[in-house]
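Participant: Provided below: start-v2.pdb, containing PDB, C-alpha atoms, pLDDT in the B column.
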MODEL        1
ATOM      1  CA  MET A  29      12.552  30.194  -5.073  1.00 43.00           C
ATOM      2  CA  LYS A  30       9.184  29.444  -6.609  1.00 54.00           C
ATOM      3  CA  LEU A  31       7.688  25.993  -6.063  1.00 65.00           C
ATOM      4  CA  LYS A  32       5.673  24.316  -8.799  1.00 71.00           C
ATOM      5  CA  LYS A  33       2.145  22.998  -8.521  1.00 72.00           C
ATOM      6  CA  ASN A  34       2.165  19.239  -8.079  1.00 71.00           C
ATOM      7  CA  ARG A  35       0.962  17.206 -11.041  1.00 78.00           C
ATOM      8  CA  LEU A  36       0.279  13.971  -9.219  1.00 80.00           C
ATOM      9  CA  SER A  37      -2.381  11.562 -10.437  1.00 82.00           C
ATOM     10  CA  GLU A  38      -5.375  10.856  -8.244  1.00 83.00           C
ATOM     11  CA  ASP A  39      -3.993   7.415  -7.331  1.00 84.00           C
ATOM     12  CA  SER A  40      -0.687   8.946  -6.246  1.00 84.00           C
ATOM     13  CA  LYS A  41      -2.471  11.631  -4.201  1.00 84.00           C
ATOM     14  CA  ARG A  42      -4.598   8.967  -2.493  1.00 85.00           C
ATOM     15  CA  LEU A  43      -1.478   6.887  -1.810  1.00 87.00           C
ATOM     16  CA  LEU A  44       0.414   9.847  -0.293  1.00 86.00           C
ATOM     17  CA  ALA A  45      -2.593  10.874   1.807  1.00 86.00           C
ATOM     18  CA  HIS A  46      -2.866   7.325   3.177  1.00 88.00           C
ATOM     19  CA  ILE A  47       0.851   7.196   4.035  1.00 87.00           C
ATOM     20  CA  LYS A  48       0.686  10.633   5.647  1.00 85.00           C
ATOM     21  CA  ALA A  49      -2.305   9.644   7.771  1.00 88.00           C
ATOM     22  CA  ASN A  50      -1.114   6.147   8.777  1.00 87.00           C
ATOM     23  CA  GLY A  51       2.675   6.487   8.858  1.00 86.00           C
ATOM     24  CA  PRO A  52       5.198   4.208   7.156  1.00 86.00           C
ATOM     25  CA  GLN A  53       3.581   1.467   5.072  1.00 86.00           C
ATOM     26  CA  ASN A  54       4.870  -1.682   3.396  1.00 85.00           C
ATOM     27  CA  LEU A  55       3.894  -3.049   0.001  1.00 85.00           C
ATOM     28  CA  ALA A  56       1.234  -5.422   1.380  1.00 85.00           C
ATOM     29  CA  GLN A  57      -0.508  -2.526   3.157  1.00 86.00           C
ATOM     30  CA  LEU A  58      -0.452  -0.256   0.088  1.00 86.00           C
ATOM     31  CA  ARG A  59      -1.525  -2.770  -2.540  1.00 85.00           C
ATOM     32  CA  PRO A  60      -5.243  -2.980  -1.564  1.00 85.00           C
ATOM     33  CA  LEU A  61      -5.396   0.823  -1.542  1.00 83.00           C
ATOM     34  CA  THR A  62      -4.567   1.245  -5.236  1.00 79.00           C
ATOM     35  CA  GLY A  63      -5.661  -2.130  -6.626  1.00 81.00           C
ATOM     36  CA  GLU A  64      -2.588  -2.185  -8.870  1.00 84.00           C
ATOM     37  CA  VAL A  65      -0.426  -5.135  -9.783  1.00 86.00           C
ATOM     38  CA  GLU A  66       2.661  -5.348  -7.575  1.00 86.00           C
ATOM     39  CA  SER A  67       5.078  -4.333 -10.348  1.00 87.00           C
ATOM     40  CA  ASP A  68       3.001  -1.231 -11.203  1.00 89.00           C
ATOM     41  CA  LEU A  69       2.801  -0.248  -7.540  1.00 88.00           C
ATOM     42  CA  VAL A  70       6.563  -0.639  -7.099  1.00 88.00           C
ATOM     43  CA  LYS A  71       7.097   1.538 -10.180  1.00 89.00           C
ATOM     44  CA  ARG A  72       4.731   4.196  -8.780  1.00 87.00           C
ATOM     45  CA  LEU A  73       6.530   4.169  -5.409  1.00 88.00           C
ATOM     46  CA  ARG A  74       9.921   4.405  -7.138  1.00 87.00           C
ATOM     47  CA  ASN A  75       8.726   7.385  -9.212  1.00 86.00           C
ATOM     48  CA  LEU A  76       7.346   9.118  -6.111  1.00 85.00           C
ATOM     49  CA  ARG A  77      10.658   8.529  -4.346  1.00 86.00           C
ATOM     50  CA  THR A  78      12.581   9.966  -7.314  1.00 84.00           C
ATOM     51  CA  GLY A  79      10.243  12.958  -7.355  1.00 81.00           C
ATOM     52  CA  GLY A  80      11.055  13.738  -3.723  1.00 81.00           C
ATOM     53  CA  TRP A  81       7.727  12.658  -2.204  1.00 83.00           C
ATOM     54  CA  LEU A  82       8.674   9.391  -0.485  1.00 86.00           C
ATOM     55  CA  GLU A  83      11.623   8.015   1.422  1.00 86.00           C
ATOM     56  CA  VAL A  84      12.460   4.477   2.490  1.00 86.00           C
ATOM     57  CA  GLU A  85      12.427   3.808   6.218  1.00 83.00           C
ATOM     58  CA  GLU A  86      15.848   2.727   7.429  1.00 79.00           C
ATOM     59  CA  GLY A  87      16.245  -0.098   9.941  1.00 77.00           C
ATOM     60  CA  ALA A  88      12.864  -1.723   9.303  1.00 70.00           C
ATOM     61  CA  PRO A  89      12.811  -5.524   8.891  1.00 78.00           C
ATOM     62  CA  GLU A  90      10.896  -5.090   5.622  1.00 82.00           C
ATOM     63  CA  LEU A  91      10.813  -2.305   3.045  1.00 84.00           C
ATOM     64  CA  ARG A  92       8.562   0.533   4.252  1.00 88.00           C
ATOM     65  CA  TRP A  93       7.820   3.877   2.614  1.00 84.00           C
ATOM     66  CA  ASN A  94       7.109   7.124   4.409  1.00 85.00           C
ATOM     67  CA  ILE A  95       6.346  10.608   3.128  1.00 86.00           C
ATOM     68  CA  CYS A  96       9.364  12.931   3.236  1.00 83.00           C
ATOM     69  CA  SER A  97       9.369  15.515   6.013  1.00 79.00           C
ATOM     70  CA  VAL A  98       9.999  18.249   3.422  1.00 77.00           C
ATOM     71  CA  ALA A  99       7.167  17.070   1.175  1.00 78.00           C
ATOM     72  CA  ALA A 100       4.498  16.618   3.883  1.00 76.00           C
ATOM     73  CA  PRO A 101       3.575  20.334   4.265  1.00 77.00           C
ATOM     74  CA  LEU A 102       3.801  20.883   0.503  1.00 76.00           C
ATOM     75  CA  PHE A 103       1.357  18.032  -0.169  1.00 75.00           C
ATOM     76  CA  ASP A 104      -1.392  19.859   1.769  1.00 72.00           C
ATOM     77  CA  LEU A 105      -0.701  23.058  -0.185  1.00 75.00           C
ATOM     78  CA  GLY A 106      -0.725  21.285  -3.554  1.00 73.00           C
ATOM     79  CA  LEU A 107       2.904  22.121  -4.301  1.00 74.00           C
ATOM     80  CA  ALA A 108       5.744  19.897  -5.444  1.00 70.00           C
ATOM     81  CA  PRO A 109       9.062  19.453  -3.612  1.00 68.00           C
ATOM     82  CA  ARG A 110      12.298  20.423  -5.314  1.00 62.00           C
ATOM     83  CA  ARG A 111      14.533  17.595  -6.445  1.00 58.00           C
ATOM     84  CA  ASN A 112      18.026  17.364  -5.044  1.00 54.00           C
ATOM     85  CA  GLY A 113      21.001  17.494  -7.353  1.00 52.00           C
ATOM     86  CA  LYS A 114      19.133  18.484 -10.504  1.00 54.00           C
ATOM     87  CA  ASP A 115      19.470  22.247 -10.095  1.00 56.00           C
ATOM     88  CA  ALA A 116      23.216  22.836 -10.284  1.00 61.00           C
ATOM     89  CA  PRO A 117      25.129  21.475 -13.257  1.00 62.00           C
ATOM     90  CA  LYS A 118      28.000  19.173 -12.472  1.00 61.00           C
ATOM     91  CA  PRO A 119      31.485  20.512 -13.206  1.00 66.00           C
ATOM     92  CA  MET A 120      32.861  19.146 -16.444  1.00 68.00           C
ATOM     93  CA  GLY A 121      36.554  19.752 -15.862  1.00 73.00           C
ATOM     94  CA  GLU A 122      38.922  20.898 -18.561  1.00 78.00           C
ATOM     95  CA  MET A 123      38.120  20.126 -22.150  1.00 76.00           C
ATOM     96  CA  PRO A 124      40.840  18.250 -24.047  1.00 77.00           C
ATOM     97  CA  GLU A 125      42.403  19.955 -27.027  1.00 84.00           C
ATOM     98  CA  ARG A 126      40.862  19.184 -30.365  1.00 86.00           C
ATOM     99  CA  ARG A 127      42.588  16.359 -32.203  1.00 85.00           C
ATOM    100  CA  GLN A 128      44.293  17.454 -35.401  1.00 85.00           C
ATOM    101  CA  ILE A 129      45.586  14.995 -37.943  1.00 83.00           C
ATOM    102  CA  ASN A 130      48.155  16.152 -40.488  1.00 83.00           C
ATOM    103  CA  VAL A 131      48.083  13.682 -43.380  1.00 81.00           C
ATOM    104  CA  MET A 132      50.883  15.445 -45.252  1.00 84.00           C
ATOM    105  CA  GLU A 133      53.427  14.841 -42.498  1.00 84.00           C
ATOM    106  CA  GLY A 134      55.681  11.807 -42.481  1.00 83.00           C
ATOM    107  CA  LYS A 135      56.210   9.155 -45.131  1.00 85.00           C
ATOM    108  CA  TYR A 136      53.377   6.904 -46.192  1.00 81.00           C
ATOM    109  CA  GLU A 137      54.185   3.270 -46.680  1.00 84.00           C
ATOM    110  CA  PRO A 138      51.277   1.023 -47.570  1.00 84.00           C
ATOM    111  CA  THR A 139      51.142  -2.367 -45.963  1.00 85.00           C
ATOM    112  CA  PRO A 140      52.965  -4.906 -48.119  1.00 82.00           C
ATOM    113  CA  PHE A 141      50.852  -7.192 -50.264  1.00 82.00           C
ATOM    114  CA  ALA A 142      50.615 -10.619 -48.701  1.00 82.00           C
ATOM    115  CA  PRO A 143      51.175 -13.316 -51.302  1.00 77.00           C
ATOM    116  CA  PRO A 144      48.238 -15.683 -51.745  1.00 79.00           C
ATOM    117  CA  ARG A 145      48.444 -19.224 -50.527  1.00 85.00           C
ATOM    118  CA  LYS A 146      49.941 -21.819 -52.828  1.00 88.00           C
ATOM    119  CA  GLY A 147      47.598 -22.877 -55.590  1.00 87.00           C
ATOM    120  CA  SER A 148      44.986 -20.165 -55.053  1.00 85.00           C
ATOM    121  CA  LEU A 149      45.674 -18.508 -58.429  1.00 82.00           C
ATOM    122  CA  ASP A 150      45.842 -21.745 -60.499  1.00 87.00           C
ATOM    123  CA  PHE A 151      42.447 -21.031 -62.075  1.00 84.00           C
ATOM    124  CA  SER A 152      44.028 -18.192 -64.116  1.00 83.00           C
ATOM    125  CA  ALA A 153      46.137 -20.701 -66.109  1.00 86.00           C
ATOM    126  CA  ILE A 154      43.017 -22.390 -67.530  1.00 85.00           C
ATOM    127  CA  ALA A 155      42.023 -21.123 -70.983  1.00 84.00           C
ATOM    128  CA  SER A 156      38.713 -19.366 -71.106  1.00 79.00           C
ATOM    129  CA  ARG A 157      36.247 -20.823 -73.604  1.00 79.00           C
ATOM    130  CA  GLY A 158      33.017 -19.144 -74.322  1.00 76.00           C
ATOM    131  CA  VAL A 159      29.803 -21.137 -74.129  1.00 75.00           C
ATOM    132  CA  ARG A 160      27.056 -20.495 -76.655  1.00 72.00           C
ATOM    133  CA  CYS A 161      23.710 -19.740 -75.210  1.00 66.00           C
TER     134      CYS A 161
ENDMDL
END
Write the structure described by the file as structure tokens, please.
Facilitator:
Amino acid sequence: MKLKKNRLSEDSKRLLAHIKANGPQNLAQLRPLTGEVESDLVKRLRNLRTGGWLEVEEGAPELRWNICSVAAPLFDLGLAPRRNGKDAPKPMGEMPERRQINVMEGKYEPTPFAPPRKGSLDFSAIASRGVRC
């Protein structure tokens, strides 16, 4: 199994180094470090969590992020952790048989013509007179 080189931005590397050195951090502690708007910082943390770098601390009164135990040694080496669940394809199950429609089978009966409402065809009884231009 060959690990890939990490392609983290400098801000993400600085963020991970800070979390690794200081332990679990909350959003208020991380925001001055990057200088980002809160929504951008949350997006960065979510992407790092999806990438396998961060994990959320369970049981804390507020949301705190910590570097994953698997990713901590790889961060020093400049390698990226492997993502879980992306390697093996999910089983699809059995494919249904292809649908085949035979249009020549059976008897075709078009839907009966619905008569128009009373008086809707009265305009056809009026004589047509051409108008000179």
Participant: Which value, in Å to one decimal, gives the distance between CA of Asp39 (chain A) and CA of Glu90 (chain A)?
Facilitator: 23.4 Å
Participant: Work out how far CA of Leu91 (chain A) is from CA of Ala108 (chain A), in Å to one decimal.
Facilitator: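 CA of Ala108 (chain A) sits 24.3 Å away from CA of Leu91 (chain A).
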Participant: Can you work out the spacing between CA of Ser37 (chain A) and CA of Leu76 (chain A) in Å, to one decimal?
Facilitator: 10.9 Å
Participant: With all atoms listed in the file counted, which protein, DNA or RNA residues have an atom no more than 12 Å from (-0.7, 16.7, 5.4) in the file frame? Please answer as a PyMOL selection string.
Facilitator: chain A and resi 41-42+44-51+95-107
Participant: Find the spatial neighbours of Glu85 (chain A), counting all atoms listed in the file, within a cut-off of 10 Å - ignore same-chain residues fewer than 4 positions away - and output them as a count of residues only.
Facilitator: 10
Participant: Would you mind telling me which residue in A:Gln57, A:Asn34, A:Gln128, A:Thr62 lies nearest to Gly79 (chain A) when using only C-alpha atoms?
Facilitator: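 Of the candidates, the smallest distance to Gly79 (chain A) is held by A:Asn34.
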Participant: Extending 3 Å beyond the listed atoms of region 139-146 of chain A on each side, what axis-aligned box results? I want centre and edge lengths in Å to one decimal, as AutoDock Vina command-line options.
Facilitator:
--center_x 50.6 --center_y -12.1 --center_z -49.4 --size_x 10.7 --size_y 25.5 --size_z 12.9
Participant: Would you write out, as a list of chain:residue names, every residue that the PyMOL selection byres ((chain A and resi 73) around 10) captures in this file?
Facilitator: A:Ser40, A:Leu43, A:Leu44, A:Leu55, A:Leu58, A:Ser67, A:Asp68, A:Leu69, A:Val70, A:Lys71, A:Arg72, A:Arg74, A:Asn75, A:Leu76, A:Arg77, A:Thr78, A:Gly79, A:Trp81, A:Leu82, A:Glu83, A:Val84, A:Trp93
